[in-house]
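As structure tokens, the structure follows; a few thoughts come after it.
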Amino acid sequence: MAHLLRHHSFTSTSVWTESRLHHQAYASIKLSNHRQGRLKIYGKRRASGNGCVVQCCTSSSSAAAAAKAGVELSGNAEEDNNGRWEEKEEEEPLYLASEYGWKVRRLEEDQPEIKKVAEIQAEAFHQPMAFFDDLFFQFFQAEVLAGLIYKLRNSPPNRYACLVAESPSDANSESKTKLVGVVDVTALRDEAVLQHLQGADEYLYVSGLAVSKRFRRRKIGSCLLKSCEMLSVLWGFKYLVLRAYEDDLGARTLYANAGYRVVSRDPPWLTSWIGRRRRVLMIKQSNFLNLINSTFQL
């Protein structure tokens with residue numbers, strides 16, 4: 001599998017605003033007539049579905065005035081100190097891919113979810129030790145968790161994303177969906193890689209792809225890779241790049257089936273005397289039309 005990023009010098013100072021926050025639809029809501037005139041409520045409705053923020057046109061913005069005018073606010077709404085009403089609605093997550101029964105979204109900054117992601121990656125990349133393996137695993141998992149928290153807190157939202165795969169929820173159970181896979185996506189500009197990417201000054205680096213042991217060989221990895229390609233389209237990147245061990249035929253087959261091709265290998269002097277496993281560099285050109293076609297074919 002691709003490597004976990006252990007260095008965090010890639011963080012950038014660029015600022016990003018989600019495109020869906022740019023699009024706002026204005027709403028004007030006419031309410032019941034009042035003996036002192038018609039009361040109107042106006043506001044902006046966010047395209048992301050976070051509810052409607054409304055503000056009274058009259059000089060009085062209290063809840064009592066609204067009640068006196070016969071105003072009925074549907075849903076769960078609250079009034080803030082400025083007299084604005086905000087309807088509370090549960091926001092649906094944005095899924096980047098939904099295939100083979102799995103759904104992939106961006107990791108929320110939720111402590112249990114972050115810990116679960118660190119557990120999945122540590123389980124996948126830990127090298128067993130002859131002695132005190134449990135202790136070394138705990139240290140490794142803590143290192144993975146610390147690195148994940150660092151990247152989430154210090155990386156701009158359009159330079160790094162941790163994507164997680166969800167298992168289908170059980171209709172007969174009230175339990176929440178379970179995280180079963182994870183992959184990291186980072187915007188990088190390594191010159192050694194850019195020489196293989198014609199006309200590009202940056203690329204998306206795919207790393208840390210891991211699937212929980214109980215759910216392996218069930219197309220979760222393919223769904224995670226599809227979500228990386230969708231993210232590259234949304235962020236405007238032309239190429240996706242990853243590394244895999246040369247002798248890891250399972251991982252290389254997965255990436256080849258997803259459209260990645262080998263363009264280079266680690267030099268022999270870097271692996272022979274140091275004792276490191278040789279890696280291959282694999283790239284894929286993102287194509288929006290091909291992505292849409294492959295999605296609808298499924």
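Ligands are numbered from 1 in the order shown, chains are lettered A, B, ... in the order of the structure tokens, and residues start at 1 in each chain.
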
Q: Excluding range 278-281 of chain A and any residue of its chain fewer than 2 positions from it, enumerate the residues within 9 Å of it, using only C-alpha atoms, and give them as a ChimeraX atom specification.
A: /A:193,241-247,261-268,270-272,276,283

Dump N, CA, C and O atoms for the selected residues as a CSV table (one decimal), in the first residue's frame?
```
chain,number,residue,atom,x,y,z
A,193,VAL,N,9.0,14.4,-9.1
A,193,VAL,CA,7.7,13.9,-9.6
A,193,VAL,C,7.2,14.7,-10.8
A,193,VAL,O,6.7,14.2,-11.8
A,241,VAL,N,-0.9,11.1,-8.0
A,241,VAL,CA,0.3,10.4,-7.9
A,241,VAL,C,0.3,9.5,-6.6
A,241,VAL,O,-0.2,10.0,-5.6
A,242,LEU,N,0.9,8.4,-6.7
A,242,LEU,CA,1.1,7.5,-5.5
A,242,LEU,C,2.3,6.7,-5.7
A,242,LEU,O,2.9,6.6,-6.7
A,243,ARG,N,2.7,6.1,-4.6
A,243,ARG,CA,3.9,5.2,-4.6
A,243,ARG,C,3.4,3.8,-4.0
A,243,ARG,O,2.6,3.8,-3.1
A,244,ALA,N,4.0,2.8,-4.5
A,244,ALA,CA,3.7,1.4,-4.0
A,244,ALA,C,5.0,0.6,-3.9
A,244,ALA,O,5.9,0.9,-4.7
A,245,TYR,N,5.1,-0.4,-3.1
A,245,TYR,CA,6.2,-1.2,-3.1
A,245,TYR,C,6.2,-2.1,-4.3
A,245,TYR,O,5.2,-2.6,-4.8
A,246,GLU,N,7.4,-2.2,-4.9
A,246,GLU,CA,7.5,-3.0,-6.1
A,246,GLU,C,7.1,-4.4,-6.0
A,246,GLU,O,6.5,-5.0,-6.9
A,247,ASP,N,7.3,-5.0,-4.8
A,247,ASP,CA,7.0,-6.4,-4.6
A,247,ASP,C,5.5,-6.6,-4.1
A,247,ASP,O,5.1,-7.8,-3.8
A,261,ARG,N,-0.4,4.1,-13.8
A,261,ARG,CA,0.7,3.4,-14.5
A,261,ARG,C,2.0,3.8,-13.9
A,261,ARG,O,2.2,4.9,-13.3
A,262,VAL,N,2.9,2.9,-14.0
A,262,VAL,CA,4.3,3.1,-13.4
A,262,VAL,C,5.1,3.9,-14.3
A,262,VAL,O,5.2,3.7,-15.5
A,263,VAL,N,5.8,5.0,-13.8
A,263,VAL,CA,6.6,5.9,-14.5
A,263,VAL,C,8.1,5.8,-14.1
A,263,VAL,O,8.9,6.2,-14.8
A,264,SER,N,8.3,5.4,-12.9
A,264,SER,CA,9.7,5.3,-12.4
A,264,SER,C,9.8,4.4,-11.2
A,264,SER,O,8.8,4.0,-10.6
A,265,ARG,N,11.0,4.1,-10.8
A,265,ARG,CA,11.3,3.3,-9.6
A,265,ARG,C,12.4,4.0,-8.8
A,265,ARG,O,13.1,4.8,-9.2
A,266,ASP,N,12.5,3.6,-7.5
A,266,ASP,CA,13.6,4.1,-6.7
A,266,ASP,C,14.9,3.6,-7.2
A,266,ASP,O,15.0,2.5,-7.7
A,267,PRO,N,15.9,4.5,-7.2
A,267,PRO,CA,17.2,4.0,-7.7
A,267,PRO,C,17.8,2.9,-6.9
A,267,PRO,O,17.5,2.8,-5.7
A,268,PRO,N,18.5,2.0,-7.5
A,268,PRO,CA,19.1,0.8,-6.8
A,268,PRO,C,19.9,1.2,-5.5
A,268,PRO,O,19.9,0.5,-4.5
A,270,LEU,N,19.5,3.5,-3.5
A,270,LEU,CA,18.7,3.9,-2.4
A,270,LEU,C,18.1,2.8,-1.6
A,270,LEU,O,17.8,2.9,-0.5
A,271,THR,N,18.0,1.6,-2.2
A,271,THR,CA,17.4,0.5,-1.6
A,271,THR,C,18.3,-0.7,-1.2
A,271,THR,O,18.0,-1.4,-0.3
A,272,SER,N,19.3,-0.9,-2.0
A,272,SER,CA,20.2,-2.1,-1.8
A,272,SER,C,21.0,-2.1,-0.5
A,272,SER,O,20.9,-3.0,0.3
A,276,ARG,N,16.0,-0.8,2.4
A,276,ARG,CA,14.6,-0.4,2.2
A,276,ARG,C,14.0,-1.2,1.0
A,276,ARG,O,14.7,-1.5,0.1
A,283,ILE,N,1.3,7.2,-11.7
A,283,ILE,CA,0.5,8.4,-11.9
A,283,ILE,C,-0.7,8.1,-12.7
A,283,ILE,O,-0.9,7.0,-13.3
```

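Shortest atom-to-atom contact with Asp248 in chain A among A:Arg277, A:Gly236, A:Met282, A:Leu197: A:Arg277, counting only C-alpha atoms.
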
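We find CA of Arg216 in chain A and CA of Ser232 in chain A to be spaced 24.9 Å apart.
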
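Residue nearest Lys103 in chain A within the list A:Gly147, A:Pro168, A:Gly208, A:Pro157: A:Pro168 [criterion: smallest interatomic distance, only C-alpha atoms].
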
(Q) Neighbouring residues of range 107-111 of chain A were defined as those with any atom within 12 Å, considering only C-alpha atoms; residues of the same chain fewer than 4 positions away were excluded. Please report them as a PyMOL selection string. (A) chain A and resi 93-96+115-118+145+148-153+157+160-166+179+181-185

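CA of Glu202 in chain A is found 24.0 Å from CA of Leu254 in chain A.
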
Q | Residue list (strand (DSSP E), DSSP) for range 237-283 of chain A, as number ranges by chain | A | A: 239-245, 261-265, 279-283

Output for the residues just chosen: N, CA and C atoms as a PDB file, in the first residue's frame:
```pdb
ATOM      1  N   TYR A 239      -3.350  15.714 -12.275  1.00  0.00           N
ATOM      2  CA  TYR A 239      -2.689  14.430 -12.054  1.00  0.00           C
ATOM      3  C   TYR A 239      -2.846  13.976 -10.603  1.00  0.00           C
ATOM      4  N   LEU A 240      -2.958  12.659 -10.452  1.00  0.00           N
ATOM      5  CA  LEU A 240      -2.875  12.000  -9.156  1.00  0.00           C
ATOM      6  C   LEU A 240      -1.627  11.131  -9.150  1.00  0.00           C
ATOM      7  N   VAL A 241      -0.944  11.098  -8.029  1.00  0.00           N
ATOM      8  CA  VAL A 241       0.323  10.383  -7.912  1.00  0.00           C
ATOM      9  C   VAL A 241       0.310   9.546  -6.638  1.00  0.00           C
ATOM     10  N   LEU A 242       0.912   8.373  -6.708  1.00  0.00           N
ATOM     11  CA  LEU A 242       1.065   7.542  -5.518  1.00  0.00           C
ATOM     12  C   LEU A 242       2.313   6.683  -5.657  1.00  0.00           C
ATOM     13  N   ARG A 243       2.716   6.098  -4.562  1.00  0.00           N
ATOM     14  CA  ARG A 243       3.850   5.164  -4.551  1.00  0.00           C
ATOM     15  C   ARG A 243       3.395   3.840  -3.964  1.00  0.00           C
ATOM     16  N   ALA A 244       3.981   2.765  -4.469  1.00  0.00           N
ATOM     17  CA  ALA A 244       3.690   1.429  -3.959  1.00  0.00           C
ATOM     18  C   ALA A 244       4.984   0.631  -3.943  1.00  0.00           C
ATOM     19  N   TYR A 245       5.060  -0.357  -3.063  1.00  0.00           N
ATOM     20  CA  TYR A 245       6.234  -1.230  -3.051  1.00  0.00           C
ATOM     21  C   TYR A 245       6.237  -2.079  -4.316  1.00  0.00           C
ATOM     22  N   ARG A 261      -0.403   4.110 -13.756  1.00  0.00           N
ATOM     23  CA  ARG A 261       0.668   3.434 -14.485  1.00  0.00           C
ATOM     24  C   ARG A 261       2.024   3.790 -13.872  1.00  0.00           C
ATOM     25  N   VAL A 262       2.944   2.868 -13.957  1.00  0.00           N
ATOM     26  CA  VAL A 262       4.285   3.060 -13.390  1.00  0.00           C
ATOM     27  C   VAL A 262       5.100   3.940 -14.323  1.00  0.00           C
ATOM     28  N   VAL A 263       5.752   4.972 -13.754  1.00  0.00           N
ATOM     29  CA  VAL A 263       6.597   5.863 -14.549  1.00  0.00           C
ATOM     30  C   VAL A 263       8.056   5.847 -14.091  1.00  0.00           C
ATOM     31  N   SER A 264       8.331   5.392 -12.872  1.00  0.00           N
ATOM     32  CA  SER A 264       9.718   5.339 -12.395  1.00  0.00           C
ATOM     33  C   SER A 264       9.807   4.433 -11.170  1.00  0.00           C
ATOM     34  N   ARG A 265      11.039   4.135 -10.783  1.00  0.00           N
ATOM     35  CA  ARG A 265      11.314   3.313  -9.602  1.00  0.00           C
ATOM     36  C   ARG A 265      12.392   3.971  -8.758  1.00  0.00           C
ATOM     37  N   ARG A 279      10.416   1.037  -4.210  1.00  0.00           N
ATOM     38  CA  ARG A 279       9.094   1.552  -4.509  1.00  0.00           C
ATOM     39  C   ARG A 279       8.987   1.946  -5.978  1.00  0.00           C
ATOM     40  N   VAL A 280       7.747   1.952  -6.471  1.00  0.00           N
ATOM     41  CA  VAL A 280       7.478   2.434  -7.822  1.00  0.00           C
ATOM     42  C   VAL A 280       6.601   3.673  -7.721  1.00  0.00           C
ATOM     43  N   LEU A 281       6.793   4.580  -8.670  1.00  0.00           N
ATOM     44  CA  LEU A 281       5.984   5.794  -8.750  1.00  0.00           C
ATOM     45  C   LEU A 281       4.922   5.590  -9.817  1.00  0.00           C
ATOM     46  N   MET A 282       3.662   5.783  -9.444  1.00  0.00           N
ATOM     47  CA  MET A 282       2.546   5.561 -10.350  1.00  0.00           C
ATOM     48  C   MET A 282       1.734   6.846 -10.461  1.00  0.00           C
ATOM     49  N   ILE A 283       1.308   7.161 -11.679  1.00  0.00           N
ATOM     50  CA  ILE A 283       0.542   8.385 -11.900  1.00  0.00           C
ATOM     51  C   ILE A 283      -0.734   8.066 -12.672  1.00  0.00           C
TER      52      ILE A 283
END
```

Q) Hey, which of A:Glu143, A:Phe215, A:Gln198, A:Thr186 ends up closest to Trp235 in chain A? Count only C-alpha atoms. A) A:Thr186

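One distance worth recording is that between CA of Tyr100 in chain A and CA of Arg218 in chain A, which is 8.1 Å.
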
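Counting only C-alpha atoms and comparing A:Gln285, A:Ser98, A:Gln121, A:Asn154, the residue that lies closest to Ala210 in chain A is A:Gln121.
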